Structure formats: structure tokens, C-alpha cells
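Structure data follow from work35.tsv (TSV, C-alpha atoms and all ligand atoms):
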chain	number	residue	atom	x	y	z
A	1	MET	CA	212.06	82.01	109.67
A	2	LEU	CA	209.79	83.95	112.04
A	3	HIS	CA	210.54	87.57	112.89
A	4	PRO	CA	211.88	87.88	116.52
A	5	ASP	CA	208.86	90.05	117.47
A	6	VAL	CA	206.53	87.27	116.32
A	7	VAL	CA	208.42	84.65	118.34
A	8	ALA	CA	208.23	86.84	121.47
A	9	ALA	CA	204.46	87.20	121.04
A	10	LEU	CA	203.73	83.47	120.63
A	11	PRO	CA	201.79	81.72	123.39
A	12	VAL	CA	203.50	79.09	125.53
A	13	VAL	CA	202.60	75.42	125.08
A	14	ARG	CA	202.26	73.25	128.20
A	15	ILE	CA	200.56	70.04	129.33
A	16	GLY	CA	196.87	70.54	130.10
A	17	CYS	CA	195.14	69.16	133.21
A	18	ALA	CA	191.82	69.09	135.10
A	19	ALA	CA	192.33	72.65	136.38
A	20	ASP	CA	192.08	73.85	132.74
A	21	GLU	CA	188.48	72.69	132.31
A	22	ASP	CA	186.91	76.18	132.35
A	23	GLY	CA	189.75	77.84	130.42
A	24	LEU	CA	189.46	75.26	127.65
A	25	ALA	CA	185.94	76.46	126.82
A	26	SER	CA	187.50	78.98	124.40
A	27	VAL	CA	188.74	76.15	122.17
A	28	ILE	CA	186.59	73.13	123.18
A	29	PRO	CA	183.15	74.73	123.67
A	30	ASP	CA	181.25	71.45	124.09
A	31	PRO	CA	181.31	70.65	127.86
A	32	GLY	CA	180.97	66.90	127.33
A	33	ARG	CA	183.82	66.77	124.88
A	34	ARG	CA	185.95	68.95	127.15
A	35	ALA	CA	185.35	66.77	130.21
A	36	TRP	CA	186.04	63.60	128.19
A	37	ARG	CA	189.36	64.90	126.85
A	38	ILE	CA	190.46	65.99	130.30
A	39	ARG	CA	189.47	62.61	131.77
A	40	ASN	CA	191.53	60.83	129.10
A	41	ALA	CA	194.49	63.09	129.78
A	42	GLU	CA	194.24	62.57	133.53
A	43	SER	CA	194.04	58.79	133.10
A	44	GLY	CA	197.24	58.78	131.02
A	45	THR	CA	195.68	57.29	127.87
A	46	GLU	CA	196.16	60.69	126.24
A	47	GLN	CA	198.19	63.85	126.58
A	48	LEU	CA	196.52	67.22	126.28
A	49	LEU	CA	198.60	70.21	125.21
A	50	VAL	CA	197.38	73.78	125.61
A	51	ALA	CA	198.71	77.01	124.14
A	52	GLU	CA	198.46	79.79	126.70
A	53	GLU	CA	198.80	83.53	126.26
A	54	GLY	CA	199.02	85.11	129.72
A	55	SER	CA	196.43	83.10	131.63
A	56	ARG	CA	194.17	82.59	128.61
A	57	ILE	CA	194.06	79.31	126.67
A	58	VAL	CA	194.08	80.06	122.93
A	59	GLY	CA	194.75	76.61	121.49
A	60	ALA	CA	194.75	72.91	122.31
A	61	VAL	CA	195.49	69.50	120.82
A	62	SER	CA	195.31	65.93	122.16
A	63	ILE	CA	197.51	62.90	121.59
A	64	ARG	CA	196.03	59.44	122.06
A	65	TRP	CA	198.78	56.98	122.82
A	66	ASN	CA	197.09	53.71	121.85
A	67	GLY	CA	197.29	54.33	118.10
A	68	GLU	CA	193.53	54.70	117.50
A	69	CYS	CA	193.08	54.34	113.71
A	70	ASP	CA	196.70	53.84	112.62
A	71	PRO	CA	198.47	51.68	115.20
A	72	PRO	CA	201.11	51.74	116.56
A	73	ASN	CA	201.42	55.47	115.84
A	74	PRO	CA	200.12	57.96	118.42
A	75	TRP	CA	196.96	59.62	117.13
A	76	ILE	CA	196.79	63.42	117.17
A	77	TYR	CA	193.29	64.88	117.26
A	78	GLY	CA	191.17	67.79	118.38
A	79	GLY	CA	193.58	70.54	117.28
A	80	GLU	CA	191.87	73.89	117.63
A	81	VAL	CA	193.18	77.47	117.78
A	82	GLU	CA	190.94	80.34	118.83
A	83	GLU	CA	189.81	82.22	115.75
A	84	ALA	CA	191.56	85.50	116.60
A	85	TRP	CA	194.85	83.62	116.99
A	86	ARG	CA	194.79	81.63	113.74
A	87	GLY	CA	197.47	82.22	111.11
A	88	GLN	CA	200.10	83.27	113.65
A	89	GLY	CA	201.95	80.02	114.16
A	90	VAL	CA	200.06	78.69	117.21
A	91	GLY	CA	198.90	75.53	115.40
A	92	SER	CA	202.45	74.83	114.20
A	93	LEU	CA	203.73	75.36	117.75
A	94	LEU	CA	201.19	72.93	119.23
A	95	TRP	CA	202.00	70.27	116.63
A	96	ARG	CA	205.74	70.61	117.07
A	97	GLU	CA	205.33	70.11	120.84
A	98	ALA	CA	203.04	67.13	120.18
A	99	HIS	CA	205.70	65.62	117.91
A	100	ARG	CA	208.36	66.15	120.58
A	101	ALA	CA	206.16	64.39	123.16
A	102	CYS	CA	205.61	61.47	120.76
A	103	SER	CA	209.34	61.19	119.97
A	104	ALA	CA	210.12	61.21	123.69
A	105	ARG	CA	207.91	58.11	124.07
A	106	GLY	CA	209.77	56.38	121.26
A	107	ALA	CA	207.22	56.87	118.46
A	108	LEU	CA	208.70	56.73	114.95
A	109	ALA	CA	205.64	58.28	113.29
A	110	VAL	CA	202.37	60.00	114.16
A	111	SER	CA	198.99	59.91	112.46
A	112	LEU	CA	195.84	61.97	112.27
A	113	ASP	CA	192.88	62.50	110.01
A	114	VAL	CA	191.53	65.65	108.44
A	115	ASP	CA	188.15	66.41	106.93
A	116	SER	CA	188.35	66.19	103.14
A	117	THR	CA	186.95	69.76	103.02
A	118	ASN	CA	189.46	71.26	105.52
A	119	ALA	CA	192.08	72.61	103.10
A	120	ARG	CA	193.68	74.92	105.67
A	121	ALA	CA	194.39	72.20	108.22
A	122	ARG	CA	195.63	69.87	105.49
A	123	ARG	CA	198.07	72.58	104.29
A	124	LEU	CA	199.39	72.93	107.85
A	125	TYR	CA	199.90	69.17	108.17
A	126	GLU	CA	201.66	68.92	104.81
A	127	ARG	CA	203.97	71.75	105.80
A	128	LEU	CA	204.78	69.85	109.01
A	129	GLY	CA	205.73	66.77	106.97
A	130	TYR	CA	202.50	64.73	106.87
A	131	GLU	CA	201.57	62.71	103.79
A	132	VAL	CA	198.15	61.42	102.85
A	133	VAL	CA	197.89	57.66	103.37
A	134	GLY	CA	194.38	57.31	101.96
A	135	PRO	CA	190.70	57.96	102.59
A	136	HIS	CA	189.38	57.22	106.07
A	137	ALA	CA	185.88	56.83	107.47
A	138	HIS	CA	186.10	58.72	110.77
A	139	GLN	CA	183.62	57.57	113.40
A	140	TRP	CA	182.73	60.52	115.64
A	141	VAL	CA	180.74	60.58	118.88
A	142	ALA	CA	179.16	63.33	121.00
A	143	ARG	CA	179.11	62.61	124.74
A	144	ASP	CA	176.95	63.49	127.70
A	145	PRO	CA	178.88	66.04	129.82
A	146	GLU	CA	177.96	64.36	133.12
A	147	THR	CA	178.34	60.67	132.38
A	148	GLY	CA	180.56	60.57	129.27
A	149	ALA	CA	177.96	58.30	127.66
A	150	VAL	CA	177.58	58.50	123.87
A	151	ALA	CA	174.74	60.93	123.00
A	152	ALA	CA	175.12	60.89	119.19
A	153	GLU	CA	177.45	59.33	116.63
A	154	GLY	CA	178.19	59.35	112.92
A	155	VAL	CA	180.82	58.90	110.20
A	156	ALA	CA	182.77	61.67	108.41
A	157	GLU	CA	184.83	61.30	105.23
A	158	THR	CA	188.42	62.25	106.03
A	159	TRP	CA	192.00	61.72	104.85
A	160	LEU	CA	194.32	59.66	107.01
A	161	MET	CA	197.71	61.39	107.19
A	162	ARG	CA	201.01	60.19	108.63
A	163	CYS	CA	204.28	61.94	109.52
A	164	ARG	CA	207.61	60.26	110.21
A	165	LEU	CA	209.40	61.58	113.30
A	166	PRO	CA	213.13	61.98	113.70
A	167	VAL	CA	214.73	59.16	115.68
A	168	VAL	CA	215.75	60.47	119.10
A	169	GLY	CA	218.91	58.73	120.28
A	170	PRO	CA	220.52	58.79	123.72
A	171	ALA	CA	222.32	62.05	124.53
A	172	SER	CA	225.97	61.83	123.46
A	173	PRO	CA	228.61	62.42	126.13
A	174	ALA	CA	230.24	65.85	126.24
A	175	PRO	CA	233.58	65.94	124.35
B	201	LIG	C1	193.88	74.20	111.65
B	201	LIG	C2	194.30	75.16	112.77
B	201	LIG	C3	194.46	74.35	114.07
B	201	LIG	C4	195.65	75.79	112.40
B	201	LIG	O1	196.06	76.62	113.46
B	201	LIG	P1	196.87	77.99	113.17
B	201	LIG	O2	197.30	78.52	114.47
B	201	LIG	O3	196.06	78.87	112.32
B	201	LIG	O4	198.12	77.39	112.35
B	201	LIG	P2	199.42	78.21	111.90
B	201	LIG	O5	199.26	79.66	112.21
B	201	LIG	O6	200.60	77.52	112.48
B	201	LIG	O7	199.41	77.99	110.35
B	201	LIG	C5	198.29	78.41	109.59
B	201	LIG	C6	198.66	79.52	108.60
B	201	LIG	O8	199.25	80.63	109.22
B	201	LIG	C7	200.45	80.99	108.55
B	201	LIG	N1	201.38	81.50	109.57
B	201	LIG	C8	202.00	80.76	110.51
B	201	LIG	N2	202.77	81.56	111.28
B	201	LIG	C9	202.59	82.83	110.82
B	201	LIG	C10	203.10	84.11	111.22
B	201	LIG	N3	203.95	84.23	112.23
B	201	LIG	N4	202.65	85.18	110.56
B	201	LIG	C11	201.78	85.06	109.55
B	201	LIG	N5	201.27	83.89	109.11
B	201	LIG	C12	201.70	82.79	109.74
B	201	LIG	C13	200.94	79.74	107.95
B	201	LIG	O9	201.76	79.95	106.85
B	201	LIG	C14	199.61	79.10	107.55
B	201	LIG	O10	199.15	79.65	106.34
B	201	LIG	P3	198.11	78.87	105.40
B	201	LIG	O11	196.87	78.57	106.21
B	201	LIG	O12	197.87	79.84	104.31
B	201	LIG	O13	198.81	77.62	104.96
B	201	LIG	C15	193.28	76.33	112.95
B	201	LIG	O14	193.05	76.93	111.71
B	201	LIG	C16	191.94	75.89	113.54
B	201	LIG	O15	191.76	75.87	114.75
B	201	LIG	N6	190.96	75.57	112.66
B	201	LIG	C17	189.63	75.14	113.10
B	201	LIG	C18	189.67	73.74	113.67
B	201	LIG	C19	190.31	72.75	112.73
B	201	LIG	O16	190.05	72.75	111.53
B	201	LIG	N7	191.12	71.86	113.32
B	201	LIG	C20	191.80	70.80	112.58
B	201	LIG	C21	190.96	69.58	112.61
B	201	LIG	S1	191.71	68.27	111.66

What does this structure look like when you write it as C-alpha cells?
Ligand SMILES: CC(C)(COP(=O)(O)OP(=O)(O)OC[C@H]1O[C@@H](n2cnc3c(N)ncnc32)[C@H](O)[C@@H]1OP(=O)(O)O)[C@@H](O)C(=O)NCCC(=O)NCCS
Amino acid sequence: MLHPDVVAALPVVRIGCAADEDGLASVIPDPGRRAWRIRNAESGTEQLLVAEEGSRIVGAVSIRWNGECDPPNPWIYGGEVEEAWRGQGVGSLLWREAHRACSARGALAVSLDVDSTNARARRLYERLGYEVVGPHAHQWVARDPETGAVAAEGVAETWLMRCRLPVVGPASPAP
């Protein structure tokens, strides 16, 4: 359990939007990528969550609703916490909010992939309840900031991971 002082100091997680474009530079430095993620969030195909300390964005993660590589599960990607804020529970907070958002839309599980060399992120996911499903060839793209057109692309070796979510039933009537 976290110490009460630590809980009080944690950033707040909220839904991100177009007005966050500049503030997100701290965690999504590539302008093309940033614009693309905001566009997806604004169109409703994704949800963007940001962790905010005061008026400063210190972390972000995106949820793609269409299942991406492991349908029908929502696909969580692009989790990033500003370096100075790592190891203080911000990543866990972002993921827990992402899981809540997925449960609220009726998802029974969520999926993501993690670079085979990223031991720290994998540890976080395992602690949150993810299990490795198997190896995954992740196709990445870099986009033009103005047009969103693909500027470069490639394949990275990753692990596909999946986490079952608790079933959220209808609220029970008060006794
Ligand atoms: C992966 C990443 C998002 C995790 O974010 P984070 O905020 O550091 O995550 P947490 O703080 O919740 O957990 C990380 C560690 O902090 C520890 N921790 C969590 N809360 C803590 C607290 N209150 N006090 C001290 N330590 C704490 C956890 O035990 C964990 O330890 P471990 O790394 O030894 O297992 C972050 O490291 C990051 O942005 N990395 C670069 C980008 C990246 O790799 N993204 C994932 C792509 S798949």
C-alpha cells in the first residue's frame, strides 16, 4: 500500500484532448505522432489519458478501441511517463484508469505489446495482471506532422500481453 503522502503527491489522470497538444510534448516529443494521437482521440477511435501535475502533463497513454492486434480487446499503447516522474506510481495510475475506461465499455480483457528488451515496462504490466501471450511482430510507422502521411515504417520484435478485466455488473440497489 502507498504511503498517504505519496498518494497526495500523485498527478491526476484525465481524458486528453486537442487543447493538450503543446503540453503533451513532454511525453510525446514527436509532433507528427502527437497530432496523430490527438486526432484519433478526437475522432473517438481512441481515448487518450493524461497524467497532470498542476498544469503540467507528466504522463500519457492511449487506448485504441478497435482491437488492433488482438481483437476484440482494446489495445493500450504509447504509455510514457516523464523521466523525472518514473518509479512513483504514475504509470500504474494511468493503466488503472485505462482499465477502468475499458471495463466501462464492456471489455473483458485488454492487450498491448512490449519491446522484448523493455524489462521495466514488462514488470509493470505483469504486476498489473498481464500475461505474455506470445511473440509479436509490431509494425510501427512515423508520420508527417502536417498531413499524417506515413514517413517511415518498420517492424519491432515485441511480446503480446493480455490482461483479464473484472466484470462490471449493473449497480445493485441500495438495501
Ligand atoms: C514504463 C513506464 C510507462 C512506467 O511508468 P512509471 O510511472 O515509472 O511506473 P510505476 O511508477 O507505476 O512503476 C514503475 C516502478 O516504480 C515502482 N513504484 C511505483 N510506485 C512507487 C512509489 N510510490 N514509490 C516508489 N516506487 C514506486 C514500482 O514498484 C516499479 O518498480 P520496478 O520498475 O522496479 O518494477 C515508464 O518507465 C516509461 O515511460 N518508460 C519509457 C517508455 C516506455 O518504455 N513505455 C512503455 C512502452 S511498452

Item to check | Environment of ligand LIG 201 (chain B) within 9 Å, counting all atoms listed in the file, reported as number ranges by chain | outcome: A: 1-3, 6-7, 10, 27, 59-61, 76-83, 85-95, 112-115, 118-125, 127, 158

Item to check | Contact residues around range 145-155 of chain A with only C-alpha atoms at 12 Å, ignoring same-chain residues under 3 positions, as an MDAnalysis selection string | outcome: chainID A and resid 21 29:40 115 136:142 158

Checklist entry - So what do you get for CA of Gly134 in chain A versus CA of Cys102 in chain A, distance-wise? => result 22.3 Å

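Between CA of Arg105 in chain A and CA of Asp22 in chain A there is a distance of 28.9 Å.
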
Checklist entry - A:Leu108, A:Glu42, A:Arg56, A:Gly129: which is nearest Arg96 in chain A, counting all atoms listed in the file? => result A:Gly129

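When CA of Arg164 in chain A is paired with CA of Ala41 in chain A, their separation reads 23.7 Å.
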
Checklist entry - What residues have an atom no more than 12 Å from (207.9, 52.7, 107.4) in the file's own frame, counting all atoms listed in the file, and can you write them as a ChimeraX atom specification? => result /A:72-73,107-110,133,162-165

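Each of A:Gln47, A:Ser55, A:Asn66, A:Thr117 was checked against Glu97 in chain A using only C-alpha atoms; the smallest atom-to-atom distance is that of A:Gln47.
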
Using all atoms of range 97-113 of chain A listed in the file and a margin of 4 Å per side, can you give the axis-aligned box centre and edge lengths in Å to one decimal, as JSON?
{"center_x": 201.5, "center_y": 63.2, "center_z": 117.0, "size_x": 25.2, "size_y": 21.7, "size_z": 22.1}

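Counting all atoms listed in the file and comparing A:Val50, A:Glu126, A:Ser116, A:Ser111, the residue that lies closest to Arg64 in chain A is A:Ser111.
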
Point (199.7, 71.5, 126.9) neighbourhood (6 Å, only C-alpha atoms) written as a PDB file with C-alpha atoms, in the frame of the given file:
ATOM      1  CA  VAL A  13     202.600  75.420 125.080  1.00  0.00           C
ATOM      2  CA  ARG A  14     202.260  73.250 128.200  1.00  0.00           C
ATOM      3  CA  ILE A  15     200.560  70.040 129.330  1.00  0.00           C
ATOM      4  CA  GLY A  16     196.870  70.540 130.100  1.00  0.00           C
ATOM      5  CA  LEU A  48     196.520  67.220 126.280  1.00  0.00           C
ATOM      6  CA  LEU A  49     198.600  70.210 125.210  1.00  0.00           C
ATOM      7  CA  VAL A  50     197.380  73.780 125.610  1.00  0.00           C
TER       8      VAL A  50
END
